[in-house]
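Participant: final.cif is reproduced in full below (mmCIF, C-alpha atoms).
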```cif
data_query
loop_
_atom_site.label_atom_id
_atom_site.label_comp_id
_atom_site.auth_asym_id
_atom_site.auth_seq_id
_atom_site.Cartn_x
_atom_site.Cartn_y
_atom_site.Cartn_z
CA MET A 108 0.00 0.00 0.00
CA ALA A 109 2.77 2.34 0.96
CA ARG A 110 4.50 1.47 -2.32
CA ALA A 111 1.36 2.28 -4.32
CA GLN A 112 0.97 5.62 -2.56
CA THR A 113 4.54 6.50 -3.20
CA LYS A 114 4.17 5.53 -6.87
CA ALA A 115 1.04 7.68 -7.34
CA VAL A 116 2.62 10.68 -5.73
CA LYS A 117 5.87 10.13 -7.65
CA THR A 118 3.98 9.90 -10.95
CA ALA A 119 2.16 13.17 -10.30
CA ALA A 120 5.30 14.85 -9.03
CA ALA A 121 7.29 13.66 -12.03
CA VAL A 122 4.72 14.95 -14.51
CA THR A 123 4.35 18.29 -12.76
CA ALA A 124 8.11 18.71 -12.32
CA ALA A 125 8.80 17.85 -15.95
CA SER A 126 6.10 20.28 -17.11
CA ALA A 127 7.36 23.03 -14.84
CA THR A 128 10.94 22.47 -16.01
CA GLU A 129 9.87 22.80 -19.64
CA VAL A 130 8.08 26.06 -18.94
CA VAL A 131 10.91 27.54 -16.86
CA ALA A 132 13.48 26.44 -19.46
CA ASP A 133 11.45 28.16 -22.17
CA ALA A 134 11.13 31.33 -20.19
CA GLU A 135 14.86 31.46 -19.44
CA ALA A 136 16.07 30.40 -22.87
CA PRO A 137 18.88 32.64 -24.15
CA VAL A 138 17.10 33.16 -27.44
CA ALA A 139 13.93 35.06 -26.69
CA LEU A 140 10.93 32.90 -27.45
CA GLN A 141 7.92 34.41 -29.08
CA SER A 142 4.99 34.85 -26.75
CA SER A 143 2.99 32.39 -28.85
CA GLN A 144 5.64 29.73 -28.23
CA VAL A 145 5.70 30.39 -24.50
CA TYR A 146 1.92 30.24 -24.53
CA ALA A 147 1.88 26.96 -26.47
CA ASN A 148 4.53 25.39 -24.26
CA THR A 149 2.81 26.45 -21.04
CA LEU A 150 -0.57 25.24 -22.22
CA GLY A 151 1.00 22.00 -23.45
CA ALA A 152 2.70 21.40 -20.10
CA LEU A 153 -0.46 22.11 -18.11
CA THR A 154 -2.55 19.90 -20.36
CA LYS A 155 -0.04 17.07 -20.10
CA ALA A 156 -0.12 17.30 -16.30
CA ARG A 157 -3.93 17.41 -16.17
CA ASP A 158 -4.33 14.57 -18.68
CA SER A 159 -2.14 12.32 -16.55
CA MET A 160 -4.59 12.93 -13.68
CA LEU A 161 -7.54 11.75 -15.77
CA THR A 162 -6.12 8.35 -16.69
CA LEU A 163 -7.20 4.98 -15.36
CA ASP A 164 -3.74 4.34 -13.89
CA TRP A 165 -3.92 7.58 -11.92
CA HIS A 166 -7.39 6.78 -10.55
CA VAL A 167 -6.34 3.27 -9.57
CA GLU A 168 -3.16 4.47 -7.87
CA LEU A 169 -4.98 7.26 -6.09
CA ASN A 170 -7.45 4.78 -4.56
CA THR A 171 -4.61 3.55 -2.40
CA ALA A 172 -3.36 7.02 -1.44
CA THR A 173 -4.02 8.71 1.91
CA PRO A 174 -7.18 10.85 2.31
CA GLU A 175 -5.06 14.00 2.39
CA GLN A 176 -3.26 12.98 -0.83
CA GLN A 177 -6.60 12.29 -2.49
CA ARG A 178 -7.96 15.70 -1.49
CA ALA A 179 -4.73 17.38 -2.59
CA ALA A 180 -5.02 15.58 -5.94
CA ALA A 181 -8.59 16.85 -6.32
CA ARG A 182 -7.49 20.43 -5.59
CA THR A 183 -4.59 20.12 -8.03
CA LEU A 184 -6.86 18.78 -10.77
CA ILE A 185 -9.34 21.67 -10.57
CA SER A 186 -6.48 24.19 -10.37
CA LEU A 187 -4.85 22.73 -13.49
CA GLU A 188 -8.15 22.70 -15.37
CA ASN A 189 -8.90 26.29 -14.41
CA ALA A 190 -5.41 27.35 -15.49
CA ILE A 191 -5.86 25.59 -18.85
CA MET A 192 -9.20 27.27 -19.39
CA THR A 193 -7.78 30.66 -18.42
CA LEU A 194 -5.05 30.31 -21.05
CA SER A 195 -7.49 29.08 -23.73
CA ASN A 196 -9.75 31.96 -22.87
CA ALA A 197 -6.91 34.49 -23.12
CA ARG A 198 -6.09 33.25 -26.62
CA LEU A 199 -9.74 33.41 -27.69
CA SER A 200 -10.13 36.82 -26.11
CA GLU A 201 -7.18 38.17 -28.12
CA ILE A 202 -8.67 36.85 -31.37
CA ALA A 203 -12.13 38.16 -30.44
CA GLN A 204 -10.68 41.62 -29.79
CA LYS A 205 -9.07 41.74 -33.25
CA MET A 206 -12.28 40.39 -34.75
CA SER A 207 -14.29 43.30 -33.38
CA GLU A 208 -12.15 45.68 -35.45
CA SER A 209 -12.35 43.42 -38.50
CA GLN A 210 -16.14 43.23 -38.11
CA VAL A 211 -16.44 46.99 -38.65
CA GLU A 212 -14.37 46.72 -41.85
CA LEU A 213 -16.52 43.84 -43.06
CA SER A 214 -19.72 45.81 -42.47
CA THR A 215 -18.33 48.72 -44.51
CA ALA A 216 -17.34 46.30 -47.30
CA THR A 217 -20.82 44.75 -47.27
CA GLU A 218 -22.41 48.18 -47.59
CA GLY A 219 -20.13 48.76 -50.58
CA ILE A 220 -21.60 45.76 -52.40
CA GLN A 221 -25.11 46.89 -51.54
CA GLU A 222 -24.34 50.24 -53.18
CA ALA A 223 -22.95 48.48 -56.25
CA GLU A 224 -26.13 46.43 -56.47
CA GLN A 225 -28.11 49.63 -56.29
CA THR A 226 -26.14 50.92 -59.29
CA LEU A 227 -26.93 47.74 -61.18
CA GLU A 228 -30.60 48.11 -60.32
CA ASN A 229 -30.37 51.66 -61.67
CA ILE A 230 -29.14 50.27 -64.99
CA VAL A 231 -32.05 47.84 -65.07
CA GLY A 232 -34.36 50.72 -64.21
CA PHE A 233 -32.87 52.78 -67.03
CA LEU A 234 -33.43 49.97 -69.53
CA ASN A 235 -37.04 49.62 -68.39
CA ALA A 236 -37.62 53.35 -68.65
CA ALA A 237 -36.06 53.40 -72.12
CA ALA A 238 -38.31 50.52 -73.19
CA LYS A 239 -41.39 52.36 -71.94
CA LEU A 240 -40.32 55.55 -73.68
CA LEU A 241 -39.73 53.69 -76.93
CA ALA A 242 -43.14 52.05 -76.63
CA VAL A 243 -44.72 55.50 -76.35
CA VAL A 244 -42.69 56.73 -79.31
CA GLY A 245 -43.87 53.63 -81.24
CA LYS A 246 -47.49 54.59 -80.61
CA VAL A 247 -46.88 58.17 -81.67
CA VAL A 248 -45.14 57.01 -84.85
CA THR A 249 -48.08 54.78 -85.81
CA LEU A 250 -50.41 57.77 -85.35
CA LEU A 251 -48.39 59.85 -87.80
CA MET B 224 -19.49 47.88 -97.39
CA LYS B 225 -16.98 45.03 -97.04
CA ILE B 226 -15.07 46.98 -94.38
CA LYS B 227 -18.33 47.65 -92.51
CA LEU B 228 -19.10 43.95 -92.60
CA ARG B 229 -15.66 43.04 -91.27
CA VAL B 230 -16.02 45.53 -88.44
CA MET B 231 -19.41 44.06 -87.54
CA VAL B 232 -18.01 40.51 -87.52
CA THR B 233 -15.01 41.55 -85.43
CA VAL B 234 -17.24 43.33 -82.94
CA GLY B 235 -19.43 40.23 -82.75
CA VAL B 236 -16.49 37.89 -82.15
CA LEU B 237 -14.95 40.22 -79.55
CA LEU B 238 -18.27 40.50 -77.78
CA LEU B 239 -18.69 36.74 -77.60
CA THR B 240 -15.10 36.26 -76.38
CA ALA B 241 -15.50 38.92 -73.72
CA THR B 242 -18.77 37.35 -72.68
CA GLY B 243 -17.17 33.95 -72.21
CA CYS B 244 -14.50 35.49 -69.94
CA ASP B 245 -17.06 37.57 -68.03
CA ASP B 246 -19.33 34.57 -67.51
CA ALA B 247 -16.47 32.47 -66.15
CA ARG B 248 -15.31 35.28 -63.86
CA LEU B 249 -18.85 35.94 -62.66
CA LYS B 250 -19.27 32.23 -61.93
CA ALA B 251 -16.00 32.24 -59.95
CA PHE B 252 -17.30 35.11 -57.78
CA SER B 253 -20.63 33.36 -57.38
CA ASP B 254 -18.95 30.05 -56.40
CA PHE B 255 -16.73 31.86 -53.93
CA ALA B 256 -19.76 33.50 -52.32
CA ALA B 257 -21.59 30.16 -52.11
CA CYS B 258 -18.58 28.40 -50.54
CA GLY B 259 -18.10 31.31 -48.14
CA SER B 260 -21.73 31.12 -46.99
CA ALA B 261 -21.43 27.35 -46.47
CA TYR B 262 -18.23 27.90 -44.46
CA VAL B 263 -19.93 30.47 -42.23
CA ALA B 264 -22.76 28.02 -41.48
CA GLY B 265 -20.13 25.38 -40.65
CA PHE B 266 -18.31 27.84 -38.39
CA HIS B 267 -21.49 28.49 -36.41
CA SER B 268 -21.90 24.72 -35.90
CA LEU B 269 -18.28 24.57 -34.77
CA THR B 270 -18.66 27.28 -32.12
CA LYS B 271 -21.84 25.62 -30.87
CA ALA B 272 -20.02 22.29 -30.61
CA VAL B 273 -17.08 23.92 -28.80
CA ALA B 274 -19.45 25.53 -26.28
CA GLU B 275 -21.17 22.23 -25.53
CA ALA B 276 -17.92 20.28 -25.39
CA GLU B 277 -16.32 22.81 -23.02
CA MET B 278 -19.33 22.61 -20.69
CA ALA B 279 -19.35 18.81 -20.85
CA LYS B 280 -15.63 18.67 -20.04
CA SER B 281 -16.01 21.16 -17.23
CA ASN B 282 -18.86 19.13 -15.70
CA SER B 283 -16.91 15.86 -15.98
CA ILE B 284 -13.86 17.33 -14.25
CA LEU B 285 -15.87 19.02 -11.51
CA LEU B 286 -17.67 15.74 -10.80
CA ASP B 287 -14.37 13.84 -10.73
CA VAL B 288 -12.88 16.41 -8.34
CA ARG B 289 -15.93 16.20 -6.06
CA GLU B 290 -15.82 12.39 -6.10
CA ARG B 291 -12.13 12.45 -5.21
CA MET B 292 -12.66 15.01 -2.46
CA TYR B 293 -15.39 12.95 -0.75
CA THR B 294 -14.16 9.41 -1.44
CA PRO B 295 -12.00 9.28 1.70
CA PRO B 296 -13.97 8.91 4.94
CA ALA B 297 -15.06 12.24 6.41
CA GLY B 298 -12.28 13.81 8.43
CA SER B 299 -12.51 16.36 11.20
CA ALA B 300 -15.00 19.25 10.98
CA GLU B 301 -12.11 21.49 10.00
CA GLU B 302 -11.05 19.16 7.18
CA GLU B 303 -14.62 18.96 5.92
CA LYS B 304 -14.89 22.72 5.92
CA ALA B 305 -11.62 23.01 4.02
CA SER B 306 -12.87 20.50 1.44
CA GLN B 307 -16.10 22.42 0.99
CA LYS B 308 -14.16 25.66 0.63
CA SER B 309 -11.90 24.10 -2.04
CA LEU B 310 -14.90 22.82 -3.98
CA GLN B 311 -16.65 26.17 -3.72
CA GLN B 312 -13.61 28.08 -4.99
CA GLY B 313 -13.01 25.53 -7.75
CA VAL B 314 -16.57 25.58 -9.07
CA GLU B 315 -16.91 29.37 -8.81
CA THR B 316 -13.66 30.05 -10.65
CA ASN B 317 -14.47 27.45 -13.26
CA THR B 318 -17.93 28.90 -13.87
CA LYS B 319 -16.55 32.41 -14.22
CA ILE B 320 -13.92 31.35 -16.76
CA LEU B 321 -16.48 29.27 -18.66
CA GLN B 322 -18.84 32.26 -18.85
CA GLU B 323 -16.02 34.42 -20.23
CA TYR B 324 -15.15 31.70 -22.71
CA LEU B 325 -18.76 31.54 -23.94
CA LYS B 326 -18.83 35.34 -24.30
CA ASN B 327 -15.73 35.16 -26.49
CA LEU B 328 -17.30 32.41 -28.56
CA ARG B 329 -20.24 34.72 -29.17
CA LYS B 330 -17.85 37.43 -30.41
CA LEU B 331 -16.26 34.92 -32.79
CA ASP B 332 -19.74 33.99 -33.98
CA ALA B 333 -20.56 37.66 -34.58
CA HIS B 334 -17.49 38.03 -36.79
CA ALA B 335 -18.54 34.97 -38.80
CA THR B 336 -22.02 36.50 -39.14
CA ALA B 337 -20.48 39.72 -40.52
CA LEU B 338 -18.45 37.64 -42.99
CA GLY B 339 -21.64 35.75 -43.87
CA ALA B 340 -23.44 39.04 -44.59
CA TYR B 341 -20.63 39.96 -46.99
CA PHE B 342 -20.92 36.61 -48.81
CA LYS B 343 -24.70 37.00 -48.93
CA GLU B 344 -24.41 40.39 -50.63
CA LEU B 345 -21.79 39.03 -53.01
CA ALA B 346 -24.09 36.11 -53.88
CA SER B 347 -27.00 38.49 -54.33
CA TYR B 348 -24.94 40.69 -56.66
CA THR B 349 -23.85 37.75 -58.82
CA SER B 350 -27.18 35.93 -58.68
CA ASP B 351 -29.53 35.11 -61.57
CA LYS B 352 -31.97 37.61 -60.06
CA ASN B 353 -29.97 40.46 -61.60
CA SER B 354 -29.49 38.83 -64.99
CA ASP B 355 -33.19 37.85 -65.05
CA ALA B 356 -34.22 41.44 -64.35
CA ILE B 357 -31.82 42.62 -67.03
CA SER B 358 -33.08 39.95 -69.39
CA SER B 359 -36.68 41.11 -69.02
CA SER B 360 -35.60 44.75 -69.36
CA THR B 361 -33.68 44.10 -72.57
CA GLN B 362 -36.56 41.97 -73.79
CA ALA B 363 -38.92 44.91 -73.28
CA LEU B 364 -36.42 47.19 -74.97
CA ALA B 365 -36.07 44.87 -77.95
CA ASP B 366 -39.86 44.53 -78.18
CA SER B 367 -40.17 48.31 -78.20
CA ILE B 368 -37.56 48.60 -80.94
CA GLU B 369 -39.42 45.93 -82.90
CA SER B 370 -42.75 47.77 -82.57
CA LEU B 371 -41.05 51.02 -83.51
CA ALA B 372 -39.45 49.59 -86.61
CA PRO B 373 -41.04 46.25 -87.54
CA GLY B 374 -38.61 43.80 -89.11
CA ILE B 375 -35.50 45.36 -87.58
CA GLU B 376 -35.00 42.33 -85.37
CA LYS B 377 -34.60 40.09 -88.39
CA MET B 378 -31.89 42.28 -89.89
CA LYS B 379 -28.35 41.01 -89.90
CA PHE B 380 -24.97 42.65 -90.09
CA GLY B 381 -22.70 39.82 -91.18
CA THR B 382 -23.16 37.09 -88.58
CA PHE B 383 -24.43 39.52 -85.98
CA ALA B 384 -28.21 39.59 -85.80
CA VAL B 385 -30.04 42.56 -84.36
CA GLY B 386 -32.25 40.09 -82.52
CA ALA B 387 -29.18 39.28 -80.48
CA ALA B 388 -29.49 42.71 -78.91
CA ARG B 389 -31.41 41.08 -76.08
CA THR B 390 -28.46 38.84 -75.34
CA THR B 391 -26.09 41.72 -75.88
CA GLY B 392 -27.89 43.61 -73.14
CA ASN B 393 -27.11 40.76 -70.79
CA LEU B 394 -23.52 40.65 -71.96
CA VAL B 395 -23.01 44.31 -71.29
CA ILE B 396 -24.50 43.96 -67.82
CA ALA B 397 -22.37 40.88 -67.11
CA HIS B 398 -19.36 42.92 -68.11
CA ILE B 399 -20.42 45.77 -65.81
CA GLN B 400 -20.99 43.24 -63.00
CA VAL B 401 -17.53 41.74 -63.43
CA LYS B 402 -15.82 45.11 -63.63
CA THR B 403 -17.64 46.23 -60.49
CA LEU B 404 -16.73 43.01 -58.71
CA GLU B 405 -13.07 43.49 -59.62
CA LYS B 406 -13.20 46.96 -58.07
CA ILE B 407 -14.99 45.62 -55.00
CA LEU B 408 -12.37 42.89 -54.64
CA GLU B 409 -9.53 45.38 -54.93
CA ARG B 410 -11.15 47.69 -52.38
CA ASP B 411 -12.02 44.92 -49.90
CA LEU B 412 -8.76 43.00 -50.24
CA PRO B 413 -7.16 44.22 -46.98
CA ALA B 414 -10.37 43.76 -44.96
CA LEU B 415 -10.97 40.27 -46.34
CA ASN B 416 -7.34 39.24 -45.93
CA LYS B 417 -7.51 40.25 -42.29
CA ALA B 418 -10.88 38.58 -41.77
CA PHE B 419 -9.67 35.29 -43.29
CA ALA B 420 -6.46 35.37 -41.23
CA LEU B 421 -8.51 35.86 -38.06
CA GLN B 422 -10.93 33.12 -39.02
CA GLU B 423 -7.96 30.81 -39.57
CA GLN B 424 -6.58 31.69 -36.11
CA ALA B 425 -10.00 31.16 -34.57
CA VAL B 426 -10.51 27.80 -36.26
CA ASN B 427 -7.07 26.62 -35.14
CA ALA B 428 -7.74 27.69 -31.55
CA LEU B 429 -11.25 26.22 -31.53
CA SER B 430 -10.09 22.94 -33.07
CA GLU B 431 -7.43 22.59 -30.38
CA ASP B 432 -9.89 23.43 -27.60
CA LEU B 433 -12.45 21.05 -29.04
CA ALA B 434 -9.98 18.18 -29.31
CA ASP B 435 -8.91 18.86 -25.71
CA SER B 436 -12.48 19.01 -24.34
CA VAL B 437 -13.69 15.95 -26.19
CA GLY B 438 -10.50 14.05 -25.27
CA ALA B 439 -10.68 14.93 -21.55
CA ALA B 440 -14.41 14.26 -21.21
CA THR B 441 -14.09 10.96 -23.08
CA THR B 442 -11.18 9.80 -20.93
CA LEU B 443 -13.11 10.57 -17.73
CA ALA B 444 -16.26 8.87 -19.01
CA GLU B 445 -14.20 5.84 -19.98
CA VAL B 446 -12.50 5.67 -16.58
CA ASN B 447 -15.45 6.50 -14.29
CA LYS B 448 -18.35 4.96 -16.21
CA VAL B 449 -16.72 1.98 -17.93
CA TYR B 450 -13.39 0.79 -16.51
CA LEU B 451 -13.70 1.43 -12.77
CA PRO B 452 -17.24 -0.02 -12.43
CA TYR B 453 -16.07 -3.04 -14.41
CA MET B 454 -12.95 -3.52 -12.29
CA ASN B 455 -14.71 -3.05 -8.97
CA ARG B 456 -16.24 -5.98 -7.13
CA GLY B 457 -20.02 -6.21 -7.14
CA ARG B 458 -22.78 -5.75 -9.71
CA LEU B 459 -22.23 -3.54 -12.71
CA PRO B 460 -24.48 -0.46 -12.89
CA SER B 461 -27.46 -0.83 -15.23
CA GLY B 462 -26.78 0.53 -18.70
CA TRP B 463 -23.06 -0.23 -18.44
CA GLU B 464 -22.97 -1.87 -21.90
CA ALA B 465 -24.69 1.11 -23.54
CA GLU B 466 -22.29 3.47 -21.78
CA ARG B 467 -19.30 1.49 -23.02
CA GLU B 468 -20.61 1.56 -26.58
CA ARG B 469 -21.15 5.30 -26.35
CA VAL B 470 -17.63 5.89 -25.09
CA ILE B 471 -16.11 3.69 -27.80
CA ARG B 472 -18.02 5.57 -30.49
CA ARG B 473 -16.91 8.86 -28.99
CA THR B 474 -13.22 7.94 -29.02
CA VAL B 475 -13.52 7.60 -32.81
CA ILE B 476 -14.41 11.29 -33.25
CA VAL B 477 -11.70 12.64 -30.92
CA GLY B 478 -8.99 12.88 -33.56
CA ASN B 479 -11.20 14.10 -36.37
CA ALA B 480 -11.04 17.88 -36.03
CA ASP B 481 -9.15 18.62 -39.27
CA GLY B 482 -12.22 19.35 -41.43
CA ALA B 483 -12.58 22.88 -40.05
CA LYS B 484 -8.90 23.73 -40.63
CA GLN B 485 -9.10 22.32 -44.14
CA ALA B 486 -12.26 24.34 -44.89
CA ILE B 487 -10.82 27.73 -43.92
CA THR B 488 -7.43 26.98 -45.51
CA GLU B 489 -9.08 26.08 -48.83
CA LEU B 490 -11.48 29.03 -48.72
CA ARG B 491 -8.57 31.39 -48.10
CA ALA B 492 -6.59 29.79 -50.95
CA ALA B 493 -9.64 30.22 -53.21
CA PHE B 494 -9.77 33.88 -52.24
CA VAL B 495 -6.10 34.36 -53.15
CA ALA B 496 -6.65 32.56 -56.48
CA LEU B 497 -9.71 34.74 -57.14
CA VAL B 498 -7.69 37.88 -56.47
CA GLU B 499 -4.90 36.65 -58.77
CA ASN B 500 -7.53 35.83 -61.42
CA LYS B 501 -6.32 32.26 -61.83
CA PRO B 502 -8.33 29.96 -64.06
CA ALA B 503 -10.99 28.00 -62.11
CA PRO B 504 -9.94 29.58 -58.79
CA VAL B 505 -12.67 28.06 -56.64
CA ASP B 506 -12.74 24.28 -56.18
CA VAL B 507 -16.35 24.19 -55.00
CA HIS B 508 -16.45 20.43 -54.52
CA SER B 509 -13.33 20.34 -52.35
CA ILE B 510 -14.36 23.30 -50.17
CA LEU B 511 -17.90 22.04 -49.65
CA ASP B 512 -16.50 18.61 -48.84
CA ALA B 513 -14.28 20.14 -46.12
CA VAL B 514 -17.20 22.20 -44.78
CA GLU B 515 -19.31 19.04 -44.63
CA LYS B 516 -16.59 17.31 -42.61
CA MET B 517 -16.42 20.33 -40.31
CA SER B 518 -20.19 20.35 -39.74
CA GLY B 519 -20.34 16.57 -39.40
CA TYR B 520 -17.65 16.64 -36.73
CA ALA B 521 -19.42 19.47 -34.90
CA GLU B 522 -22.69 17.52 -34.95
CA ALA B 523 -21.00 14.35 -33.71
CA VAL B 524 -19.43 16.32 -30.85
CA GLN B 525 -22.78 17.85 -29.93
CA ASP B 526 -24.46 14.43 -29.94
CA GLY B 527 -21.71 13.08 -27.72
CA ALA B 528 -21.82 16.06 -25.37
CA SER B 529 -25.58 15.79 -24.91
CA SER B 530 -25.33 12.08 -24.08
CA ASN B 531 -22.64 12.64 -21.43
#
```
Take the structure from the file and write it as structure tokens.
Facilitator:
Amino acid sequence: MARAQTKAVKTAAAVTAASATEVVADAEAPVALQSSQVYANTLGALTKARDSMLTLDWHVELNTATPEQQRAAARTLISLENAIMTLSNARLSEIAQKMSESQVELSTATEGIQEAEQTLENIVGFLNAAAKLLAVVGKVVTLL
Amino acid sequence: MKIKLRVMVTVGVLLLTATGCDDARLKAFSDFAACGSAYVAGFHSLTKAVAEAEMAKSNSILLDVRERMYTPPAGSAEEEKASQKSLQQGVETNTKILQEYLKNLRKLDAHATALGAYFKELASYTSDKNSDAISSSTQALADSIESLAPGIEKMKFGTFAVGAARTTGNLVIAHIQVKTLEKILERDLPALNKAFALQEQAVNALSEDLADSVGAATTLAEVNKVYLPYMNRGRLPSGWEAERERVIRRTVIVGNADGAKQAITELRAAFVALVENKPAPVDVHSILDAVEKMSGYAEAVQDGASSN
């Protein structure tokens, strides 16, 4: 039992430590990483850590852990998930912000096509008017 | 007289050639608009699927956390209070983030709607409605000319018949339409480039989030509803077989999120080809196929999320 507990804790610790090392190494790399890379690496590390806590092996091992370890595992899992969602949300929020500006441009462009269509309708209207005028002229000519 | 005839024939040939080009170009714009509208509908399905999958994942994890928190026998009153506090903080934070996430999804949806409105106008401009209206106008014009000078319709200048004036009216309008569309394309190029780039970013982010949510929720369902009950001593819960089948079916869709990426990549490539005036710039079949995959995946995810 003690061996199982130790194994469960070691597995979690190993995953978390490895993930943390990756993130710290990225942040301290001599060549400055782009923020998108740091973001991707951090999210990847967090997801890897969380995913290991969802597996069957983890659940089985945790069944033999102490109550305090089980509660700590539960707290860690929700913290990891919330951190993952915060990062995903930040990425989406950045895109959504840029999209708001783009949306205004799209609306202006759409109005532009509507105006062009109006011009085309004017041409159709002109042709119809010309046809009517010619029809009137035709009648006048026959009267002459 | 011979020179006049040659000029008439040349004009006729040039007109027909120009018409062929204009028709093909007009069709390319029309195809692009149709594919764009289909993509926008697919994007809306995708955001809906992402919302449901995120909520399903969130619920699965919260339930797993709660289960883990209360599986050990109750400790002291202080420990119980601490557990309750942890659960409260966890669920509150999670709900807040999820609400923000859903708000952002709505903003992404609004952008797709604006893009859809653009495609709708483009489709309307290139639609048969305009050429039909023009056709009836030129018909009326030709009829008027005929009544004004009976027999004029039957007159011919070389191979060019006056009766073809009706068609010529359409040709002229098609030419005006194409020229206008070229100007519109040139004017809207920066806005559309930006919009497509953002859509591509959004689809990439959403596909990753979707794969993560579906993957996490499926793993937890597999562990908590299939494996652990099966491994534990005692009777299996009723409906275990159905649950197992559902989970197995769900694992098949986990790695299938590429349709959306393919759809936006191909639509963007079609846009570039349209701008560069390449022959047959829009591969309608391929784009619609990718959109269908995108929508099919989104539907499968929604079905799975609702059965969780």
Participant: Distance limit 7 Å, atoms considered: all atoms listed in the file. Which chain A residues sit that close to chain B? Return them as a VMD selection string.
Facilitator: chain A and resid 158 161 to 163 174 177 to 178 181 to 182 184 to 185 189 192 to 193 196 199 to 200 202 to 203 206 209 to 210 212 to 214 216 to 217 220 to 221 224 231 234 to 235 237 to 238 241 to 242 245
Participant: Please report the interatomic distance between atom CA of Thr474 of chain B and atom CA of Val437 of chain B in Å with one decimal.
Facilitator: 8.5 Å
Participant: Env of Glu466 of chain B: 9 Å cut, atoms = only C-alpha atoms, seq-sep filter 4 positions within chain, self excluded. Answer as a list in words.
Facilitator: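 Everything that qualifies: Ala444, Glu445, Lys448, Val449, Gly462, Val470 and Ile471 of chain B.
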Participant: Export C-alpha atoms of the chosen residues as an mmCIF file, in the frame of the given file?
Facilitator:
```
data_model
loop_
_atom_site.group_PDB
_atom_site.id
_atom_site.type_symbol
_atom_site.label_atom_id
_atom_site.label_comp_id
_atom_site.auth_asym_id
_atom_site.auth_seq_id
_atom_site.Cartn_x
_atom_site.Cartn_y
_atom_site.Cartn_z
ATOM 1 C CA ALA B 444 -16.260 8.870 -19.010
ATOM 2 C CA GLU B 445 -14.200 5.840 -19.980
ATOM 3 C CA LYS B 448 -18.350 4.960 -16.210
ATOM 4 C CA VAL B 449 -16.720 1.980 -17.930
ATOM 5 C CA GLY B 462 -26.780 0.530 -18.700
ATOM 6 C CA VAL B 470 -17.630 5.890 -25.090
ATOM 7 C CA ILE B 471 -16.110 3.690 -27.800
#
```
Participant: Would you pick out the contacts of Ser268 of chain B at 12 Å or less, using all atoms listed in the file, so that residues sharing its chain but fewer than 5 positions from it are not included, and give the list as a list in words?
Facilitator: Ala261, Tyr262, Val263, Val273, Ala274, Glu275, Leu328, Asp332, Ala335, Val426, Leu429, Ala483, Val514, Glu515, Lys516, Met517, Ser518, Gly519, Tyr520, Ala521, Glu522, Ala523, Val524 and Gln525 of chain B
Participant: How many Å separate atom CA of Gln485 of chain B from atom CA of Thr215 of chain A?
Facilitator: 28.0 Å
Participant: Any idea what's packed within 7 Å of Asp245 of chain B, counting only C-alpha atoms, ignoring anything in its chain fewer than 4 positions away? Could you give it as number ranges by chain?
Facilitator: B: 241, 249, 397-398, 401
Participant: What's the separation between atom CA of Glu303 of chain B and atom CA of Leu286 of chain B, in Å to one decimal place?
Facilitator: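 Separation of atom CA of Glu303 of chain B and atom CA of Leu286 of chain B: 17.3 Å.
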